[in-house]
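Visitor: File structure39.cif below, mmCIF, C-alpha atoms:
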data_model
loop_
_atom_site.group_PDB
_atom_site.id
_atom_site.type_symbol
_atom_site.label_atom_id
_atom_site.label_comp_id
_atom_site.auth_asym_id
_atom_site.auth_seq_id
_atom_site.Cartn_x
_atom_site.Cartn_y
_atom_site.Cartn_z
ATOM 1 C CA MET J 1089 9.282 -17.405 -18.029
ATOM 2 C CA SER J 1090 6.289 -16.464 -15.927
ATOM 3 C CA HIS J 1091 4.796 -13.232 -14.762
ATOM 4 C CA PHE J 1092 4.490 -12.486 -11.065
ATOM 5 C CA ARG J 1093 2.616 -9.546 -9.638
ATOM 6 C CA PHE J 1094 3.849 -7.875 -6.452
ATOM 7 C CA ALA J 1095 2.928 -4.945 -4.288
ATOM 8 C CA ILE J 1096 5.634 -3.070 -2.406
ATOM 9 C CA ASN J 1097 4.319 -1.246 0.635
ATOM 10 C CA VAL J 1098 6.524 1.580 1.867
ATOM 11 C CA THR J 1099 5.671 3.185 5.213
ATOM 12 C CA PRO J 1100 7.376 5.728 7.471
ATOM 13 C CA LYS J 1101 9.345 3.971 10.206
ATOM 14 C CA PRO J 1102 7.940 4.191 13.725
ATOM 15 C CA GLY J 1103 9.083 7.402 15.343
ATOM 16 C CA ILE J 1104 9.619 9.194 12.051
ATOM 17 C CA LEU J 1105 7.508 12.325 11.665
ATOM 18 C CA ASP J 1106 4.691 11.770 9.185
ATOM 19 C CA PRO J 1107 3.167 15.138 8.221
ATOM 20 C CA GLN J 1108 0.695 13.552 5.803
ATOM 21 C CA GLY J 1109 -0.593 11.291 8.548
ATOM 22 C CA ARG J 1110 -1.000 14.288 10.875
ATOM 23 C CA ALA J 1111 -2.877 16.114 8.113
ATOM 24 C CA VAL J 1112 -5.323 13.236 7.707
ATOM 25 C CA GLU J 1113 -5.902 13.086 11.464
ATOM 26 C CA GLY J 1114 -6.464 16.824 11.532
ATOM 27 C CA SER J 1115 -9.103 16.595 8.809
ATOM 28 C CA LEU J 1116 -11.167 13.826 10.390
ATOM 29 C CA GLY J 1117 -13.313 16.314 12.274
ATOM 30 C CA HIS J 1118 -14.583 17.826 9.032
ATOM 31 C CA LEU J 1119 -16.050 14.441 8.112
ATOM 32 C CA GLY J 1120 -17.419 13.818 11.586
ATOM 33 C CA ILE J 1121 -15.282 10.698 11.927
ATOM 34 C CA THR J 1122 -14.054 9.841 15.407
ATOM 35 C CA GLY J 1123 -11.977 7.039 16.877
ATOM 36 C CA VAL J 1124 -9.288 7.041 14.200
ATOM 37 C CA SER J 1125 -5.669 7.328 15.321
ATOM 38 C CA ASP J 1126 -2.098 6.378 14.420
ATOM 39 C CA VAL J 1127 -2.510 7.358 10.772
ATOM 40 C CA ARG J 1128 0.611 6.681 8.712
ATOM 41 C CA VAL J 1129 0.760 7.584 5.042
ATOM 42 C CA GLY J 1130 3.091 5.665 2.767
ATOM 43 C CA ARG J 1131 3.297 4.454 -0.803
ATOM 44 C CA ARG J 1132 2.109 1.327 -2.546
ATOM 45 C CA VAL J 1133 3.814 0.294 -5.755
ATOM 46 C CA GLU J 1134 2.358 -2.558 -7.781
ATOM 47 C CA LEU J 1135 4.432 -4.148 -10.513
ATOM 48 C CA THR J 1136 4.843 -7.224 -12.666
ATOM 49 C CA VAL J 1137 8.109 -9.174 -12.748
ATOM 50 C CA GLU J 1138 8.950 -11.642 -15.484
ATOM 51 C CA ALA J 1139 11.193 -14.373 -14.142
ATOM 52 C CA ALA J 1140 11.883 -18.083 -14.363
ATOM 53 C CA ASP J 1141 10.540 -18.889 -10.903
ATOM 54 C CA PRO J 1142 8.848 -17.191 -7.934
ATOM 55 C CA ALA J 1143 12.052 -16.887 -5.897
ATOM 56 C CA MET J 1144 13.855 -14.999 -8.649
ATOM 57 C CA ALA J 1145 10.856 -12.748 -9.172
ATOM 58 C CA PHE J 1146 10.672 -11.992 -5.469
ATOM 59 C CA ALA J 1147 14.394 -11.185 -5.374
ATOM 60 C CA THR J 1148 13.955 -8.666 -8.179
ATOM 61 C CA ALA J 1149 11.005 -7.018 -6.452
ATOM 62 C CA ASP J 1150 12.882 -6.917 -3.164
ATOM 63 C CA ARG J 1151 15.934 -5.343 -4.758
ATOM 64 C CA LEU J 1152 13.795 -2.721 -6.461
ATOM 65 C CA ALA J 1153 12.098 -1.956 -3.144
ATOM 66 C CA SER J 1154 15.313 -1.545 -1.204
ATOM 67 C CA GLU J 1155 17.395 0.275 -3.815
ATOM 68 C CA MET J 1156 14.895 2.563 -5.506
ATOM 69 C CA LEU J 1157 11.484 2.668 -3.893
ATOM 70 C CA SER J 1158 12.324 3.256 -0.236
ATOM 71 C CA ASN J 1159 14.678 5.363 1.817
ATOM 72 C CA PRO J 1160 16.110 2.977 4.408
ATOM 73 C CA LEU J 1161 16.847 5.790 6.872
ATOM 74 C CA ILE J 1162 13.213 6.745 7.354
ATOM 75 C CA GLU J 1163 11.071 4.137 5.624
ATOM 76 C CA ALA J 1164 10.310 0.449 5.962
ATOM 77 C CA TYR J 1165 9.092 -1.685 3.103
ATOM 78 C CA ALA J 1166 7.335 -5.007 2.686
ATOM 79 C CA VAL J 1167 7.016 -7.030 -0.506
ATOM 80 C CA GLU J 1168 3.593 -8.603 -0.905
ATOM 81 C CA GLU J 1169 2.867 -11.320 -3.470
ATOM 82 C CA LEU J 1170 -0.370 -10.557 -5.261
ATOM 83 C CA GLY J 1171 -0.494 -13.965 -6.888
ATOM 84 C CA ALA J 1172 -1.737 -12.813 -10.280
ATOM 85 C CA THR J 1173 0.532 -14.939 -12.404
ATOM 86 C CA SER J 1174 0.357 -16.163 -15.922
ATOM 87 C CA SER J 1175 2.595 -18.938 -17.144
ATOM 88 C CA ILE J 1176 3.759 -18.416 -20.673
ATOM 89 C CA THR J 1177 6.403 -19.792 -22.941
ATOM 90 C CA SER J 1178 6.822 -16.807 -25.230
ATOM 91 C CA SER J 1179 7.054 -13.431 -23.580
ATOM 92 C CA ALA J 1180 6.225 -11.727 -26.856
ATOM 93 C CA ALA J 1181 2.763 -13.275 -26.793
ATOM 94 C CA ALA J 1182 2.135 -12.437 -23.171
ATOM 95 C CA PRO J 1183 -0.738 -10.140 -22.347
ATOM 96 C CA ALA J 1184 -0.308 -7.985 -19.300
ATOM 97 C CA SER J 1185 -1.479 -9.629 -16.125
ATOM 98 C CA PRO J 1186 -4.973 -8.525 -15.206
ATOM 99 C CA ASP J 1187 -4.721 -5.814 -12.595
ATOM 100 C CA ALA J 1188 -6.232 -6.600 -9.241
ATOM 101 C CA ASP J 1189 -7.344 -3.011 -8.800
ATOM 102 C CA MET X 606 -14.275 -0.841 22.579
ATOM 103 C CA SER X 607 -11.489 -2.505 20.642
ATOM 104 C CA HIS X 608 -8.781 -1.266 18.348
ATOM 105 C CA PHE X 609 -8.626 -2.469 14.768
ATOM 106 C CA ARG X 610 -5.748 -1.766 12.430
ATOM 107 C CA PHE X 611 -6.395 -1.292 8.712
ATOM 108 C CA ALA X 612 -4.443 -0.449 5.606
ATOM 109 C CA ILE X 613 -6.104 1.470 2.804
ATOM 110 C CA ASN X 614 -4.446 0.894 -0.555
ATOM 111 C CA VAL X 615 -5.137 3.562 -3.146
ATOM 112 C CA THR X 616 -4.033 2.908 -6.727
ATOM 113 C CA PRO X 617 -4.554 4.675 -10.053
ATOM 114 C CA LYS X 618 -7.433 3.108 -11.960
ATOM 115 C CA PRO X 619 -6.535 1.056 -15.038
ATOM 116 C CA GLY X 620 -6.133 3.345 -18.017
ATOM 117 C CA ILE X 621 -5.351 6.398 -15.907
ATOM 118 C CA LEU X 622 -1.965 7.930 -16.678
ATOM 119 C CA ASP X 623 0.511 7.216 -13.889
ATOM 120 C CA PRO X 624 3.568 9.436 -14.308
ATOM 121 C CA GLN X 625 5.240 8.086 -11.166
ATOM 122 C CA GLY X 626 4.932 4.554 -12.475
ATOM 123 C CA ARG X 627 6.457 5.612 -15.785
ATOM 124 C CA ALA X 628 9.305 7.295 -13.899
ATOM 125 C CA VAL X 629 10.062 4.104 -11.999
ATOM 126 C CA GLU X 630 10.057 2.080 -15.225
ATOM 127 C CA GLY X 631 12.365 4.610 -16.838
ATOM 128 C CA SER X 632 14.847 4.332 -13.991
ATOM 129 C CA LEU X 633 15.096 0.551 -13.944
ATOM 130 C CA GLY X 634 17.956 0.586 -16.424
ATOM 131 C CA HIS X 635 20.172 2.523 -14.028
ATOM 132 C CA LEU X 636 19.921 -0.363 -11.584
ATOM 133 C CA GLY X 637 20.393 -2.999 -14.228
ATOM 134 C CA ILE X 638 16.976 -4.480 -13.461
ATOM 135 C CA THR X 639 15.090 -6.055 -16.338
ATOM 136 C CA GLY X 640 11.762 -7.828 -16.700
ATOM 137 C CA VAL X 641 9.739 -5.353 -14.622
ATOM 138 C CA SER X 642 6.618 -3.870 -16.175
ATOM 139 C CA ASP X 643 3.166 -2.471 -15.399
ATOM 140 C CA VAL X 644 4.429 -0.334 -12.527
ATOM 141 C CA ARG X 645 1.634 1.556 -10.772
ATOM 142 C CA VAL X 646 2.378 3.919 -7.911
ATOM 143 C CA GLY X 647 -0.290 4.599 -5.329
ATOM 144 C CA ARG X 648 -0.638 5.338 -1.643
ATOM 145 C CA ARG X 649 -0.922 3.143 1.424
ATOM 146 C CA VAL X 650 -2.501 4.597 4.532
ATOM 147 C CA GLU X 651 -2.370 2.609 7.762
ATOM 148 C CA LEU X 652 -4.600 3.602 10.641
ATOM 149 C CA THR X 653 -6.196 2.402 13.854
ATOM 150 C CA VAL X 654 -9.946 2.532 14.386
ATOM 151 C CA GLU X 655 -11.545 2.261 17.813
ATOM 152 C CA ALA X 656 -14.971 0.682 17.538
ATOM 153 C CA ALA X 657 -17.339 -1.707 19.275
ATOM 154 C CA ASP X 658 -16.975 -4.462 16.697
ATOM 155 C CA PRO X 659 -15.055 -5.288 13.503
ATOM 156 C CA ALA X 660 -17.928 -4.384 11.184
ATOM 157 C CA MET X 661 -18.239 -0.881 12.608
ATOM 158 C CA ALA X 662 -14.484 -0.396 12.435
ATOM 159 C CA PHE X 663 -14.414 -1.528 8.824
ATOM 160 C CA ALA X 664 -17.262 0.835 7.957
ATOM 161 C CA THR X 665 -15.324 3.771 9.402
ATOM 162 C CA ALA X 666 -12.169 2.836 7.495
ATOM 163 C CA ASP X 667 -14.151 2.381 4.290
ATOM 164 C CA ARG X 668 -15.847 5.762 4.668
ATOM 165 C CA LEU X 669 -12.526 7.459 5.297
ATOM 166 C CA ALA X 670 -11.077 5.764 2.213
ATOM 167 C CA SER X 671 -13.900 6.787 -0.086
ATOM 168 C CA GLU X 672 -14.518 10.314 1.204
ATOM 169 C CA MET X 673 -11.036 11.564 2.010
ATOM 170 C CA LEU X 674 -8.215 9.299 0.929
ATOM 171 C CA SER X 675 -9.103 8.558 -2.683
ATOM 172 C CA ASN X 676 -10.371 10.407 -5.719
ATOM 173 C CA PRO X 677 -13.086 8.159 -7.182
ATOM 174 C CA LEU X 678 -12.646 9.596 -10.664
ATOM 175 C CA ILE X 679 -9.111 8.347 -11.084
ATOM 176 C CA GLU X 680 -8.306 6.068 -8.146
ATOM 177 C CA ALA X 681 -9.473 2.755 -6.750
ATOM 178 C CA TYR X 682 -9.096 1.791 -3.128
ATOM 179 C CA ALA X 683 -9.135 -1.390 -1.096
ATOM 180 C CA VAL X 684 -9.459 -1.696 2.665
ATOM 181 C CA GLU X 685 -7.209 -4.388 4.117
ATOM 182 C CA GLU X 686 -7.575 -5.681 7.669
ATOM 183 C CA LEU X 687 -4.180 -5.885 9.328
ATOM 184 C CA GLY X 688 -5.539 -7.794 12.288
ATOM 185 C CA ALA X 689 -3.463 -6.051 14.931
ATOM 186 C CA THR X 690 -6.181 -5.628 17.506
ATOM 187 C CA SER X 691 -6.136 -5.064 21.214
ATOM 188 C CA SER X 692 -9.251 -5.492 23.283
ATOM 189 C CA ILE X 693 -9.518 -2.979 26.055
ATOM 190 C CA THR X 694 -12.164 -1.733 28.427
ATOM 191 C CA SER X 695 -10.757 1.738 29.058
ATOM 192 C CA SER X 696 -9.571 3.663 26.042
ATOM 193 C CA ALA X 697 -7.605 6.025 28.288
ATOM 194 C CA ALA X 698 -5.340 3.178 29.312
ATOM 195 C CA ALA X 699 -4.888 1.852 25.797
ATOM 196 C CA PRO X 700 -1.401 1.805 24.334
ATOM 197 C CA ALA X 701 -1.102 2.289 20.635
ATOM 198 C CA SER X 702 -1.357 -0.920 18.676
ATOM 199 C CA PRO X 703 2.078 -2.212 17.750
ATOM 200 C CA ASP X 704 2.865 -1.225 14.220
ATOM 201 C CA ALA X 705 3.298 -4.068 11.756
ATOM 202 C CA ASP X 706 6.056 -2.214 9.980
#
Rewrite the structure from the file as structure tokens, please.
Guide:
Amino acid sequence: MSHFRFAINVTPKPGILDPQGRAVEGSLGHLGITGVSDVRVGRRVELTVEAADPAMAFATADRLASEMLSNPLIEAYAVEELGATSSITSSAAAPASPDAD
Amino acid sequence: MSHFRFAINVTPKPGILDPQGRAVEGSLGHLGITGVSDVRVGRRVELTVEAADPAMAFATADRLASEMLSNPLIEAYAVEELGATSSITSSAAAPASPDAD
């Protein structure tokens, strides 16, 4: 079994009202920042999956993204491989993967 | 002036309590998903910056990330270039960059 690190990016679908994005745009003036537009605020979930191979790990991450982490009516998601893997033979001896952040 | 699309990923720093991540881990059993660990829930903000060159656009996105979108005490951020750019000469005629999601 190996450990695979993924990020799941969840963003409001195009056309869906994004009040948080509007709030950020409305606050730009206070910082004196200009030229920023189309702000969309979503979530980013990073997680480690233990699986026999990358395809199985990706399938688990994708299922988690579609069934728990996003609302398919208003949100789109993308599964991103972060590549921080550690091959191990005994999961009990496995340290957590170093976090990219 | 050109348009540059960025994503700003904001995640809880290592060691900082992440109640949302714990909640996701606690709910995995309901879906019958096993082997998922180290869940960290953060934010992803996508935005378009209009600037003369990529370096200036990146600087604006980075400033926005550090001064408004993240709390440096408990969160780390990373600025990711999404590469969806459109070179234009008149900003008034510019359509919004197509959204990657």
Visitor: Can you tell me, as AutoDock Vina command-line options, the centre and edge lengths (Å, one decimal) of the axis-aligned box enclosing all of stretch 1145-1150 of chain J's listed atoms after padding each side by 3 Å?
Guide:
--center_x 12.5 --center_y -9.8 --center_z -6.2 --size_x 9.7 --size_y 11.8 --size_z 12.0
Visitor: Using only C-alpha atoms, find the residues of chain J whose closest atom to chain X is at most 6 Å away, then write them as a list in words.
Guide: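 Listed by rising number, the hits are Gly1123, Val1124, Ser1125, Asp1126, Val1127, Arg1128, Val1129, Gly1130, Arg1131, Arg1132, Val1133, Glu1134, Leu1135, Thr1136, Val1137 and Glu1138 of chain J.
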Visitor: Nearest to J:Phe1146: which of J:Arg1110, J:Gly1120, J:Leu1105, J:Glu1168 is it, counting only C-alpha atoms?
Guide: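 Ranked by minimum distance to J:Phe1146, first place goes to J:Glu1168.
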Visitor: Would you work out the distance separating atom CA of X:Asn676 from atom CA of J:Gly1117, expressed in Å to one decimal?
Guide: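 Going from atom CA of X:Asn676 over to atom CA of J:Gly1117, I get 19.2 Å.
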Visitor: Please compute the atom CA of X:Ser607-atom CA of X:Asp667 distance, one decimal, in Å.
Guide: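 Result for atom CA of X:Ser607 versus atom CA of X:Asp667: 17.3 Å, one decimal.
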Visitor: Quote the spacing between atom CA of J:Gly1114 and atom CA of X:Ala664 in Å to one decimal place.
Guide: 19.6 Å
